[in-house]
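To be precise, the following lines are my_file_29.cif, and they hold mmCIF, C-alpha atoms.
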data_structure
#
loop_
_atom_site.label_atom_id
_atom_site.label_comp_id
_atom_site.auth_asym_id
_atom_site.auth_seq_id
_atom_site.Cartn_x
_atom_site.Cartn_y
_atom_site.Cartn_z
CA MET N 1 -42.44 44.03 5.21
CA SER N 2 -42.81 40.48 4.11
CA LYS N 3 -42.26 41.51 0.49
CA THR N 4 -39.00 43.23 1.46
CA LEU N 5 -37.86 40.11 3.28
CA ASP N 6 -38.85 37.99 0.34
CA ARG N 7 -36.83 40.17 -2.04
CA ARG N 8 -33.79 40.01 0.27
CA THR N 9 -34.15 36.27 0.64
CA PHE N 10 -34.56 35.89 -3.11
CA PHE N 11 -31.50 37.96 -3.99
CA GLY N 12 -29.49 36.41 -1.13
CA PHE N 13 -30.32 32.93 -2.41
CA HIS N 14 -29.22 33.73 -5.94
CA SER N 15 -26.08 35.41 -4.61
CA GLU N 16 -25.20 32.23 -2.72
CA ARG N 17 -25.93 30.13 -5.79
CA ARG N 18 -23.62 32.34 -7.88
CA VAL N 19 -20.83 31.91 -5.29
CA GLU N 20 -21.46 28.18 -5.18
CA ASN N 21 -21.34 27.92 -8.98
CA VAL N 22 -18.07 29.89 -9.08
CA ASP N 23 -16.56 27.63 -6.39
CA GLN N 24 -17.62 24.48 -8.23
CA LYS N 25 -16.31 25.85 -11.52
CA GLU N 26 -12.93 26.55 -9.91
CA HIS N 27 -12.98 23.11 -8.28
CA ARG N 28 -13.72 21.38 -11.57
CA GLY N 29 -11.00 23.45 -13.25
CA ARG N 30 -8.45 22.36 -10.61
CA ILE N 31 -9.51 18.72 -10.95
CA LEU N 32 -9.13 18.81 -14.75
CA GLY N 33 -5.75 20.53 -14.38
CA THR N 34 -4.55 17.83 -11.96
CA ILE N 35 -5.76 15.08 -14.32
CA ARG N 36 -3.78 16.69 -17.14
CA GLU N 37 -0.64 16.87 -14.96
CA GLN N 38 -0.91 13.27 -13.73
CA ALA N 39 -1.38 12.11 -17.34
CA GLY N 40 1.80 14.00 -18.30
CA LEU N 41 0.00 16.17 -20.90
CA ARG N 42 0.77 19.78 -21.83
CA THR N 43 -2.61 21.27 -22.68
CA MET N 44 -6.30 20.67 -22.08
CA ALA N 45 -6.60 20.00 -25.82
CA ASP N 46 -4.12 17.14 -25.35
CA LEU N 47 -6.24 15.85 -22.44
CA ALA N 48 -9.39 16.01 -24.55
CA ASP N 49 -7.65 14.06 -27.31
CA LYS N 50 -6.41 11.47 -24.78
CA LEU N 51 -9.95 11.03 -23.42
CA GLY N 52 -11.46 10.81 -26.91
CA VAL N 53 -13.62 13.95 -26.63
CA LYS N 54 -13.53 17.41 -28.17
CA PRO N 55 -11.99 20.35 -26.26
CA PRO N 56 -15.38 22.16 -25.95
CA THR N 57 -16.67 19.11 -24.06
CA LEU N 58 -14.09 19.60 -21.31
CA THR N 59 -14.78 23.35 -21.30
CA ASN N 60 -18.51 22.70 -20.80
CA ILE N 61 -17.77 20.18 -18.01
CA LYS N 62 -15.48 22.73 -16.35
CA ASN N 63 -18.17 25.43 -16.57
CA GLY N 64 -20.87 23.09 -15.25
CA LYS N 65 -22.87 23.18 -18.50
CA ARG N 66 -22.66 19.41 -18.88
CA SER N 67 -21.54 16.41 -16.87
CA ALA N 68 -19.03 13.64 -17.55
CA GLY N 69 -20.74 10.31 -18.25
CA PRO N 70 -19.76 6.95 -16.73
CA GLU N 71 -17.47 5.98 -19.62
CA LEU N 72 -15.61 9.28 -19.50
CA ILE N 73 -15.29 9.04 -15.70
CA GLU N 74 -13.76 5.58 -16.08
CA LYS N 75 -11.21 6.86 -18.60
CA ILE N 76 -10.34 9.69 -16.22
CA ARG N 77 -9.87 7.18 -13.37
CA GLU N 78 -7.35 5.29 -15.49
CA LEU N 79 -5.40 8.49 -16.22
CA ALA N 80 -5.44 9.79 -12.63
CA PRO N 81 -6.18 6.95 -10.16
CA LYS N 82 -4.70 8.92 -7.25
CA LEU N 83 -7.54 11.44 -7.37
CA GLY N 84 -10.03 8.79 -6.27
CA ASP N 85 -13.56 10.07 -5.76
CA ASP N 86 -12.53 13.72 -6.23
CA ILE N 87 -13.21 13.27 -9.95
CA LEU N 88 -16.91 12.67 -9.27
CA ILE N 89 -17.44 16.45 -9.20
CA LEU N 90 -17.10 16.21 -12.98
CA SER N 91 -20.15 13.96 -13.12
CA ALA N 92 -22.35 16.56 -11.42
CA LYS N 93 -25.45 17.38 -13.42
CA PRO N 94 -25.75 21.00 -14.54
CA GLY N 95 -27.25 22.90 -11.62
CA GLY N 96 -27.42 19.78 -9.51
CA GLY N 97 -25.37 17.52 -7.23
CA VAL N 98 -23.08 14.61 -7.93
CA GLU N 99 -24.69 11.66 -9.65
CA PRO N 100 -25.15 8.46 -7.61
CA ARG N 101 -21.88 6.53 -7.21
CA ALA N 102 -23.38 3.41 -8.80
CA GLU N 103 -23.58 5.14 -12.20
CA VAL N 104 -19.87 5.98 -12.27
CA ARG N 105 -18.39 2.99 -10.45
CA PRO N 106 -15.36 1.50 -12.28
CA ARG N 107 -15.37 -2.11 -13.36
CA ILE N 108 -14.15 -4.42 -10.58
CA GLU N 109 -11.18 -5.71 -12.58
CA LYS N 110 -9.98 -2.15 -13.16
CA TRP N 111 -10.26 -1.34 -9.50
CA LEU N 112 -8.45 -4.52 -8.42
CA ASP N 113 -5.69 -3.96 -11.00
CA GLN N 114 -5.11 -0.46 -9.62
CA ASP N 115 -5.10 -1.76 -6.05
CA ARG N 116 -2.65 -4.53 -6.96
CA ASP N 117 -0.29 -2.08 -8.70
CA GLN N 118 -0.34 0.23 -5.68
CA ARG N 119 0.42 -2.66 -3.32
CA ILE N 120 3.34 -3.80 -5.47
CA LYS N 121 4.74 -0.24 -5.46
CA ALA N 122 4.39 -0.17 -1.67
CA LEU N 123 6.26 -3.49 -1.37
CA ARG N 124 9.05 -2.24 -3.61
CA ALA N 125 9.42 0.75 -1.32
CA VAL N 126 10.31 -1.52 1.62
CA GLU N 127 12.08 -4.31 -0.27
CA GLU N 128 15.26 -5.45 1.40
CA GLY N 129 18.38 -5.03 -0.66
CA GLU N 130 20.21 -8.18 -1.67
CA GLN N 131 23.37 -7.13 0.15
CA LYS N 132 21.35 -6.57 3.31
CA ASN N 133 19.84 -10.06 2.96
CA ILE N 134 23.30 -11.56 2.56
CA GLU N 135 24.50 -9.83 5.72
CA VAL N 136 21.47 -10.96 7.75
CA ILE N 137 21.56 -14.56 6.49
CA GLY N 138 25.34 -14.74 6.92
CA GLY N 139 24.99 -13.61 10.52
CA SER N 140 22.38 -16.32 11.11
CA PHE N 141 24.67 -18.99 9.68
CA ASP N 142 27.54 -17.73 11.85
CA SER N 143 25.33 -18.28 14.90
CA LEU N 144 24.58 -21.95 14.13
CA ASP N 145 26.28 -24.41 16.46
CA LYS N 146 26.38 -28.16 17.09
CA GLY N 147 22.91 -29.69 16.85
CA ASP N 148 21.32 -26.63 15.20
CA VAL N 149 19.49 -27.14 11.89
CA PHE N 150 18.76 -24.82 8.98
CA ILE N 151 15.98 -25.91 6.61
CA TYR N 152 15.14 -24.30 3.27
CA MET N 153 12.14 -25.29 1.19
CA SER N 154 10.98 -23.89 -2.13
CA ALA N 155 9.72 -25.03 -5.51
CA LEU N 156 11.10 -22.41 -7.86
CA GLU N 157 13.15 -20.00 -5.71
CA THR N 158 16.85 -20.88 -5.77
CA PRO N 159 18.47 -20.23 -2.36
CA LEU N 160 20.53 -17.05 -2.28
CA GLU N 161 23.61 -19.01 -1.20
CA MET N 162 23.40 -21.06 -4.42
CA ARG N 163 23.35 -18.03 -6.70
CA PRO N 164 26.49 -16.28 -8.02
CA GLN N 165 25.77 -13.19 -5.90
CA GLY N 166 25.57 -15.31 -2.74
CA THR N 167 29.15 -16.62 -2.69
CA ALA N 168 29.86 -14.62 0.48
CA LEU N 169 27.62 -17.12 2.31
CA LEU N 170 29.75 -20.16 1.41
CA GLY N 171 32.32 -19.47 4.14
CA PRO N 172 29.74 -19.14 6.97
CA ILE N 173 28.09 -22.38 5.81
CA ALA N 174 31.43 -24.22 5.68
CA ASN N 175 32.26 -23.04 9.20
CA ALA N 176 28.80 -23.99 10.50
CA ILE N 177 28.90 -27.58 9.21
CA GLN N 178 32.36 -27.96 10.74
CA ARG N 179 30.71 -27.02 14.05
CA GLU N 180 28.24 -29.87 13.32
CA ALA N 181 25.28 -27.71 12.30
CA VAL N 182 23.10 -29.21 9.56
CA PHE N 183 21.73 -27.64 6.36
CA LEU N 184 18.75 -29.31 4.66
CA TYR N 185 17.34 -28.16 1.31
CA LEU N 186 13.95 -29.57 0.31
CA MET N 187 12.80 -29.11 -3.27
CA PRO N 188 9.89 -30.79 -5.10
CA THR N 189 10.56 -33.35 -7.79
CA LYS N 190 10.45 -32.09 -11.37
CA GLU N 191 7.55 -34.48 -12.00
CA TYR N 192 5.51 -32.77 -9.28
CA LEU N 193 6.22 -29.32 -10.66
CA ARG N 194 5.28 -30.39 -14.16
CA SER N 195 1.90 -31.56 -12.81
CA VAL N 196 1.06 -28.16 -11.27
CA GLU N 197 2.92 -25.67 -13.49
CA ASP N 198 2.29 -24.54 -17.06
CA ASP N 199 4.88 -24.88 -19.83
CA GLU N 200 5.92 -21.23 -19.57
CA SER N 201 6.75 -21.57 -15.86
CA MET N 202 8.64 -24.81 -16.47
CA GLU N 203 10.86 -22.99 -18.98
CA LYS N 204 12.11 -20.88 -16.06
CA TYR N 205 12.71 -23.96 -13.89
CA ILE N 206 16.29 -24.45 -12.73
CA ASP N 207 17.33 -28.02 -12.02
CA ILE N 208 18.33 -27.64 -8.40
CA ALA N 209 20.26 -30.94 -8.43
CA ASP N 210 22.89 -29.44 -10.75
CA VAL N 211 22.99 -26.19 -8.81
CA PHE N 212 23.30 -28.03 -5.50
CA ALA N 213 26.18 -30.20 -6.71
CA ASN N 214 28.18 -27.09 -7.61
CA PHE N 215 27.19 -25.40 -4.34
CA GLU N 216 28.28 -28.43 -2.29
CA LYS N 217 31.64 -28.56 -4.07
CA ASN N 218 32.28 -24.85 -3.44
CA VAL N 219 31.36 -25.14 0.26
CA LEU N 220 33.75 -28.05 0.75
CA LEU N 221 36.52 -26.11 -0.99
CA LYS N 222 36.29 -23.68 1.92
CA ILE N 223 37.26 -26.50 4.32
CA SER N 224 41.02 -26.96 4.27
CA ASN N 225 41.01 -30.28 6.19
CA LYS N 226 40.07 -32.79 3.48
CA ASP N 227 39.90 -35.59 6.03
CA ILE N 228 36.57 -34.24 7.31
CA HIS N 229 35.00 -33.51 3.89
CA GLU N 230 32.78 -36.60 3.88
CA GLU N 231 31.67 -36.00 7.45
CA CYS N 232 30.81 -32.40 6.59
CA ARG N 233 29.07 -33.45 3.37
CA SER N 234 26.61 -35.52 5.46
CA ARG N 235 25.46 -32.27 7.10
CA LEU N 236 24.65 -30.69 3.76
CA ARG N 237 21.67 -32.42 2.15
CA LEU N 238 19.32 -31.90 -0.79
CA LEU N 239 16.07 -33.87 -0.60
CA ARG N 240 13.77 -34.15 -3.63
CA ILE N 241 10.22 -34.66 -2.40
CA GLN N 242 6.77 -35.42 -3.77
CA ILE N 243 4.47 -32.87 -2.12
CA LYS N 244 1.07 -33.85 -0.76
CA ALA N 245 -1.89 -32.12 -2.43
CA ASP N 246 -3.10 -30.69 0.88
CA SER N 247 0.37 -29.77 2.12
CA LEU N 248 1.37 -26.38 3.44
CA PHE N 249 3.96 -26.41 0.66
CA ALA N 250 1.64 -27.36 -2.21
CA PRO N 251 1.67 -23.91 -3.90
CA PRO N 252 4.72 -23.80 -6.18
CA ASP N 253 5.54 -20.12 -5.63
CA PHE N 254 6.72 -20.21 -2.03
CA LYS N 255 9.92 -20.05 -0.06
CA TRP N 256 10.29 -21.04 3.60
CA GLU N 257 13.32 -20.85 5.86
CA LEU N 258 13.45 -22.41 9.32
CA PHE N 259 16.12 -22.36 12.00
CA LEU N 260 15.80 -25.06 14.69
CA SER N 261 18.08 -24.82 17.69
CA LYS N 262 19.46 -27.86 19.52
CA ARG N 263 17.08 -26.92 22.36
CA GLY N 264 14.07 -27.32 20.06
CA LYS N 265 13.33 -23.60 19.56
CA ALA N 266 12.16 -22.98 15.99
CA ILE N 267 12.05 -19.68 14.08
CA ALA N 268 10.63 -19.54 10.55
CA SER N 269 10.31 -16.90 7.86
CA MET N 270 8.46 -16.75 4.57
CA LEU N 271 9.23 -15.05 1.30
CA VAL N 272 6.81 -12.47 -0.01
CA ALA N 273 7.25 -12.54 -3.78
CA SER N 274 5.06 -10.25 -5.84
CA ASP N 275 6.12 -9.48 -9.40
CA GLY N 276 9.64 -8.60 -8.41
CA PRO N 277 9.89 -7.62 -4.73
CA ARG N 278 11.53 -10.20 -2.49
CA ILE N 279 10.78 -9.59 1.18
CA ARG N 280 11.50 -12.00 4.02
CA VAL N 281 8.66 -11.89 6.56
CA PRO N 282 8.78 -13.54 10.02
CA ALA N 283 6.23 -16.34 10.36
CA SER N 284 3.83 -16.40 13.30
CA GLU N 285 4.41 -18.93 16.09
CA ARG N 286 1.41 -20.93 14.90
CA SER N 287 2.66 -21.04 11.29
CA THR N 288 6.13 -21.96 12.53
CA ARG N 289 4.76 -24.93 14.52
CA THR N 290 2.77 -26.14 11.50
CA PHE N 291 5.77 -25.70 9.24
CA LEU N 292 8.05 -27.58 11.65
CA PHE N 293 5.61 -30.49 11.93
CA GLU N 294 5.16 -30.87 8.17
CA ILE N 295 8.90 -30.59 7.59
CA ALA N 296 9.65 -33.27 10.19
CA GLU N 297 6.92 -35.56 8.82
CA THR N 298 8.12 -35.06 5.24
CA ILE N 299 11.80 -35.68 6.02
CA CYS N 300 10.97 -38.75 8.11
CA LYS N 301 9.00 -40.23 5.20
CA VAL N 302 11.47 -39.31 2.44
CA ASN N 303 14.53 -40.38 4.41
CA ARG N 304 13.39 -44.02 4.59
CA ASN N 305 13.56 -44.40 0.80
CA LEU N 306 16.95 -42.78 0.27
CA PRO N 307 20.25 -44.65 -0.20
CA ASP N 308 22.32 -44.69 2.99
CA SER N 309 24.80 -42.21 1.50
CA ASP N 310 22.07 -39.62 0.87
CA ARG N 311 20.11 -39.95 4.10
CA VAL N 312 19.72 -37.22 6.67
CA PRO N 313 21.63 -38.29 9.81
CA GLY N 314 19.37 -40.25 12.20
CA ASP N 315 20.02 -37.95 15.15
CA VAL N 316 18.90 -34.96 13.10
CA VAL N 317 15.66 -36.69 12.08
CA SER N 318 14.98 -37.64 15.71
CA HIS N 319 15.64 -34.05 16.79
CA LEU N 320 13.19 -32.74 14.19
CA ILE N 321 10.47 -35.24 15.14
CA GLU N 322 10.79 -34.69 18.87
CA SER N 323 10.76 -30.90 18.46
CA ALA N 324 7.74 -31.00 16.12
CA GLU N 325 5.73 -33.32 18.37
CA SER N 326 6.57 -31.27 21.44
CA ALA N 327 5.56 -28.01 19.70
CA THR N 328 2.25 -29.26 18.28
CA GLY N 329 1.19 -32.17 20.45
CA GLY N 330 0.90 -34.30 17.30
CA ASN N 331 2.43 -37.67 16.47
CA ILE N 332 4.61 -38.54 13.49
CA ASP N 333 4.64 -42.09 12.14
CA ARG N 334 8.22 -43.33 12.47
CA SER N 335 7.64 -46.74 10.91
#

Could you write out this file's structure as structure tokens?
Amino acid sequence: MSKTLDRRTFFGFHSERRVENVDQKEHRGRILGTIREQAGLRTMADLADKLGVKPPTLTNIKNGKRSAGPELIEKIRELAPKLGDDILILSAKPGGGVEPRAEVRPRIEKWLDQDRDQRIKALRAVEEGEQKNIEVIGGSFDSLDKGDVFIYMSALETPLEMRPQGTALLGPIANAIQREAVFLYLMPTKEYLRSVEDDESMEKYIDIADVFANFEKNVLLKISNKDIHEECRSRLRLLRIQIKADSLFAPPDFKWELFLSKRGKAIASMLVASDGPRIRVPASERSTRTFLFEIAETICKVNRNLPDSDRVPGDVVSHLIESAESATGGNIDRS
């Protein structure tokens, strides 16, 4: 009796192993087929050539007669990153299980590069169109009233309203400054940028002073009453600043926008810029308070050393300081 059971168990075991081997063979075949498709290749011979192996090598891996080594697994990862750990079936030893992950782990820089590329693709999928940005920003400018302040700060990002494609924003700005709203643009000095940027980045640098002068002229052209041009000009200011090393604004690749209402309510947004995508992201309340305080402190300090004709109006500076101190509980040196 026991011999009969042993024979049944023996044959049953080998039957299961045969089924398992067939399943794994089919699985490996599907994986190799998917790798070929993701690599954009026509035949398995083309895939073998791309991987730097002979066609029989892939056939033996498919049939489970040999396993793919760490170097081959890494090449396969580069061709078909979306498959992830599914490709590890190809590293299974003949008649055995999958080799330990440590032996087939990709180099960290490869993994991080793949992750970065995937994140950039994801950002591009949700990137706001430029026309949409113009509509949103234009609506914000249309809402500004007496005592409200718009502040823009960046090192290398030219404001949309100062670019050729942003001319639709000139009218809303002209109307807002006639309502006694204030627009402040803070940009680092060229000397500061040269100290933190390489020569290649500086080649892309646009002198904001020239751009601003043209922008200011075009805004004022939208105001038919020339008698109020100088008054309106005082509400449109460019400040060149020397950034502190430990400042929130020290990194050169940033863009901040802040709207401060006459009641002291502040709303800020940041620019997410990653190899092309430009996405405006709302700042948290905590970041907004920090941003407001540093802006107020910076403007207060810079304003003292400007000629009278270039200074930010005193009531605007006071409004900024009072709002920043109230929001953070800090104190700004007014001396």

- Selected residue of minimal separation from Val136 (chain N) among N:Arg163, N:Ala68, N:Ser195, N:Pro172, counting all atoms listed in the file: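 Of N:Arg163, N:Ala68, N:Ser195, N:Pro172, the one nearest Val136 (chain N), counting all atoms listed in the file, is N:Pro172.
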
- Message: Just to confirm, what's the straight-line distance from CA of His27 (chain N) to CA of Thr59 (chain N) in Å (one decimal)?
- Response: 13.1 Å

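When the PyMOL selection byres ((chain N and resi 264) around 12) is evaluated on the file shown here, the picked residues come out as Gly147, Asp148, Val149, Leu258, Phe259, Leu260, Ser261, Lys262, Arg263, Lys265, Ala266, Ile267, Arg289, Leu292, Val316, Ser318, His319, Leu320, Ile321, Glu322, Ser323, Ala324, Glu325, Ser326 and Ala327 of chain N.
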
Taking the file as shown, what set of residues would the PyMOL selection byres ((chain N and resi 227-242) around 7) give back, as an mmCIF file with C-alpha atoms, keeping the file's coordinate frame?
data_model
loop_
_atom_site.group_PDB
_atom_site.id
_atom_site.type_symbol
_atom_site.label_atom_id
_atom_site.label_comp_id
_atom_site.auth_asym_id
_atom_site.auth_seq_id
_atom_site.Cartn_x
_atom_site.Cartn_y
_atom_site.Cartn_z
ATOM 1 C CA ILE N 177 28.900 -27.580 9.210
ATOM 2 C CA GLN N 178 32.360 -27.960 10.740
ATOM 3 C CA ALA N 181 25.280 -27.710 12.300
ATOM 4 C CA VAL N 182 23.100 -29.210 9.560
ATOM 5 C CA PHE N 183 21.730 -27.640 6.360
ATOM 6 C CA LEU N 184 18.750 -29.310 4.660
ATOM 7 C CA TYR N 185 17.340 -28.160 1.310
ATOM 8 C CA LEU N 186 13.950 -29.570 0.310
ATOM 9 C CA MET N 187 12.800 -29.110 -3.270
ATOM 10 C CA PRO N 188 9.890 -30.790 -5.100
ATOM 11 C CA THR N 189 10.560 -33.350 -7.790
ATOM 12 C CA TYR N 192 5.510 -32.770 -9.280
ATOM 13 C CA LEU N 220 33.750 -28.050 0.750
ATOM 14 C CA ASN N 225 41.010 -30.280 6.190
ATOM 15 C CA LYS N 226 40.070 -32.790 3.480
ATOM 16 C CA ILE N 243 4.470 -32.870 -2.120
ATOM 17 C CA LYS N 244 1.070 -33.850 -0.760
ATOM 18 C CA VAL N 302 11.470 -39.310 2.440
ATOM 19 C CA VAL N 312 19.720 -37.220 6.670
#

- Task: Could you tell me which of N:Ser309, N:Thr167, N:Thr298, N:Thr57 comes closest to Glu135 (chain N) if we count only C-alpha atoms?
- Result: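 Closest to Glu135 (chain N), using only C-alpha atoms: N:Thr167.
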
- Nearby residues (all atoms listed in the file) at most 12 Å from Ile76 (chain N), same-chain spacing under 2 positions excluded, as JSON, numbers by chain: {"N": [31, 32, 33, 34, 35, 36, 38, 39, 47, 48, 50, 51, 52, 53, 58, 68, 69, 70, 71, 72, 73, 74, 78, 79, 80, 81, 82, 83, 84, 85, 86, 87, 88, 90, 91, 104, 105, 106]}

- Message: Just to confirm, what's the straight-line distance from CA of Gly129 (chain N) to CA of Val211 (chain N) in Å (one decimal)?
- Response: 23.1 Å

- Could you jot down the CA of Phe141 (chain N) to CA of Leu123 (chain N) separation for me, Å, one decimal place?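 Going from CA of Phe141 (chain N) over to CA of Leu123 (chain N), I get 26.5 Å.
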
- Ground truth for the PyMOL selection byres ((chain N and resi 257) around 9), written as a list in words: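 Here the PyMOL selection byres ((chain N and resi 257) around 9) matches Phe150, Ile151, Tyr152, Met153, Ser154, Lys255, Trp256, Leu258, Phe259, Ile267, Ala268, Ser269, Met270 and Leu271 of chain N.
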
- Query: With all atoms listed in the file as the basis for distance, which of N:Ile61, N:Glu130, N:Arg194, N:Asp142 is at the shortest distance from Gln165 (chain N)?
  - Reply: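 Among the listed residues, the smallest separation from Gln165 (chain N) belongs to N:Glu130.
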
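With only C-alpha atoms as the atoms that count, the minimum distance from Ile120 (chain N) to the choices N:Arg278, N:Pro56, N:Glu285, N:Asp310 is reached by N:Arg278.
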
- Message: Which residue is closest to Lys146 (chain N)? Choose from N:Leu169, N:Arg179, N:Asp46, N:Asp117 and count all atoms listed in the file.
- Response: N:Arg179

Some atoms are absent from region 131-145 of chain N, so rebuild N, CA, C and O atoms and return them as a PDB file, keeping the file's coordinate frame.
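Written output follows (out-v7.pdb):
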ATOM      1  N   GLN N 131      22.204  -7.154  -0.726  1.00  0.00           N
ATOM      2  CA  GLN N 131      23.370  -7.130   0.150  1.00  0.00           C
ATOM      3  C   GLN N 131      22.958  -7.202   1.610  1.00  0.00           C
ATOM      4  O   GLN N 131      23.593  -7.879   2.419  1.00  0.00           O
ATOM      5  N   LYS N 132      21.856  -6.526   1.939  1.00  0.00           N
ATOM      6  CA  LYS N 132      21.350  -6.570   3.310  1.00  0.00           C
ATOM      7  C   LYS N 132      20.926  -7.996   3.663  1.00  0.00           C
ATOM      8  O   LYS N 132      21.203  -8.490   4.766  1.00  0.00           O
ATOM      9  N   ASN N 133      20.240  -8.669   2.724  1.00  0.00           N
ATOM     10  CA  ASN N 133      19.840 -10.060   2.960  1.00  0.00           C
ATOM     11  C   ASN N 133      21.045 -10.949   3.202  1.00  0.00           C
ATOM     12  O   ASN N 133      21.022 -11.823   4.067  1.00  0.00           O
ATOM     13  N   ILE N 134      22.090 -10.747   2.412  1.00  0.00           N
ATOM     14  CA  ILE N 134      23.300 -11.560   2.560  1.00  0.00           C
ATOM     15  C   ILE N 134      23.908 -11.366   3.943  1.00  0.00           C
ATOM     16  O   ILE N 134      24.311 -12.319   4.605  1.00  0.00           O
ATOM     17  N   GLU N 135      23.935 -10.114   4.396  1.00  0.00           N
ATOM     18  CA  GLU N 135      24.500  -9.830   5.720  1.00  0.00           C
ATOM     19  C   GLU N 135      23.687 -10.492   6.826  1.00  0.00           C
ATOM     20  O   GLU N 135      24.238 -11.082   7.762  1.00  0.00           O
ATOM     21  N   VAL N 136      22.353 -10.392   6.716  1.00  0.00           N
ATOM     22  CA  VAL N 136      21.470 -10.960   7.750  1.00  0.00           C
ATOM     23  C   VAL N 136      21.567 -12.486   7.764  1.00  0.00           C
ATOM     24  O   VAL N 136      21.711 -13.114   8.820  1.00  0.00           O
ATOM     25  N   ILE N 137      21.493 -13.094   6.578  1.00  0.00           N
ATOM     26  CA  ILE N 137      21.560 -14.560   6.490  1.00  0.00           C
ATOM     27  C   ILE N 137      22.936 -15.054   6.930  1.00  0.00           C
ATOM     28  O   ILE N 137      23.059 -16.053   7.651  1.00  0.00           O
ATOM     29  N   GLY N 138      23.992 -14.352   6.513  1.00  0.00           N
ATOM     30  CA  GLY N 138      25.340 -14.740   6.920  1.00  0.00           C
ATOM     31  C   GLY N 138      25.505 -14.702   8.425  1.00  0.00           C
ATOM     32  O   GLY N 138      26.117 -15.600   9.022  1.00  0.00           O
ATOM     33  N   GLY N 139      24.932 -13.685   9.063  1.00  0.00           N
ATOM     34  CA  GLY N 139      24.990 -13.610  10.520  1.00  0.00           C
ATOM     35  C   GLY N 139      24.254 -14.759  11.181  1.00  0.00           C
ATOM     36  O   GLY N 139      24.703 -15.292  12.213  1.00  0.00           O
ATOM     37  N   SER N 140      23.135 -15.169  10.582  1.00  0.00           N
ATOM     38  CA  SER N 140      22.380 -16.320  11.110  1.00  0.00           C
ATOM     39  C   SER N 140      23.195 -17.598  11.010  1.00  0.00           C
ATOM     40  O   SER N 140      23.242 -18.403  11.951  1.00  0.00           O
ATOM     41  N   PHE N 141      23.850 -17.790   9.862  1.00  0.00           N
ATOM     42  CA  PHE N 141      24.670 -18.990   9.680  1.00  0.00           C
ATOM     43  C   PHE N 141      25.861 -18.989  10.655  1.00  0.00           C
ATOM     44  O   PHE N 141      26.248 -20.046  11.172  1.00  0.00           O
ATOM     45  N   ASP N 142      26.418 -17.826  10.908  1.00  0.00           N
ATOM     46  CA  ASP N 142      27.540 -17.730  11.850  1.00  0.00           C
ATOM     47  C   ASP N 142      27.115 -18.100  13.273  1.00  0.00           C
ATOM     48  O   ASP N 142      27.949 -18.480  14.099  1.00  0.00           O
ATOM     49  N   SER N 143      25.828 -17.981  13.561  1.00  0.00           N
ATOM     50  CA  SER N 143      25.330 -18.280  14.900  1.00  0.00           C
ATOM     51  C   SER N 143      24.982 -19.750  15.109  1.00  0.00           C
ATOM     52  O   SER N 143      24.734 -20.181  16.235  1.00  0.00           O
ATOM     53  N   LEU N 144      24.931 -20.530  14.014  1.00  0.00           N
ATOM     54  CA  LEU N 144      24.580 -21.950  14.130  1.00  0.00           C
ATOM     55  C   LEU N 144      25.701 -22.712  14.825  1.00  0.00           C
ATOM     56  O   LEU N 144      26.881 -22.512  14.549  1.00  0.00           O
ATOM     57  N   ASP N 145      25.290 -23.622  15.716  1.00  0.00           N
ATOM     58  CA  ASP N 145      26.280 -24.410  16.460  1.00  0.00           C
ATOM     59  C   ASP N 145      25.895 -25.888  16.385  1.00  0.00           C
ATOM     60  O   ASP N 145      24.927 -26.264  15.716  1.00  0.00           O
TER      61      ASP N 145
END
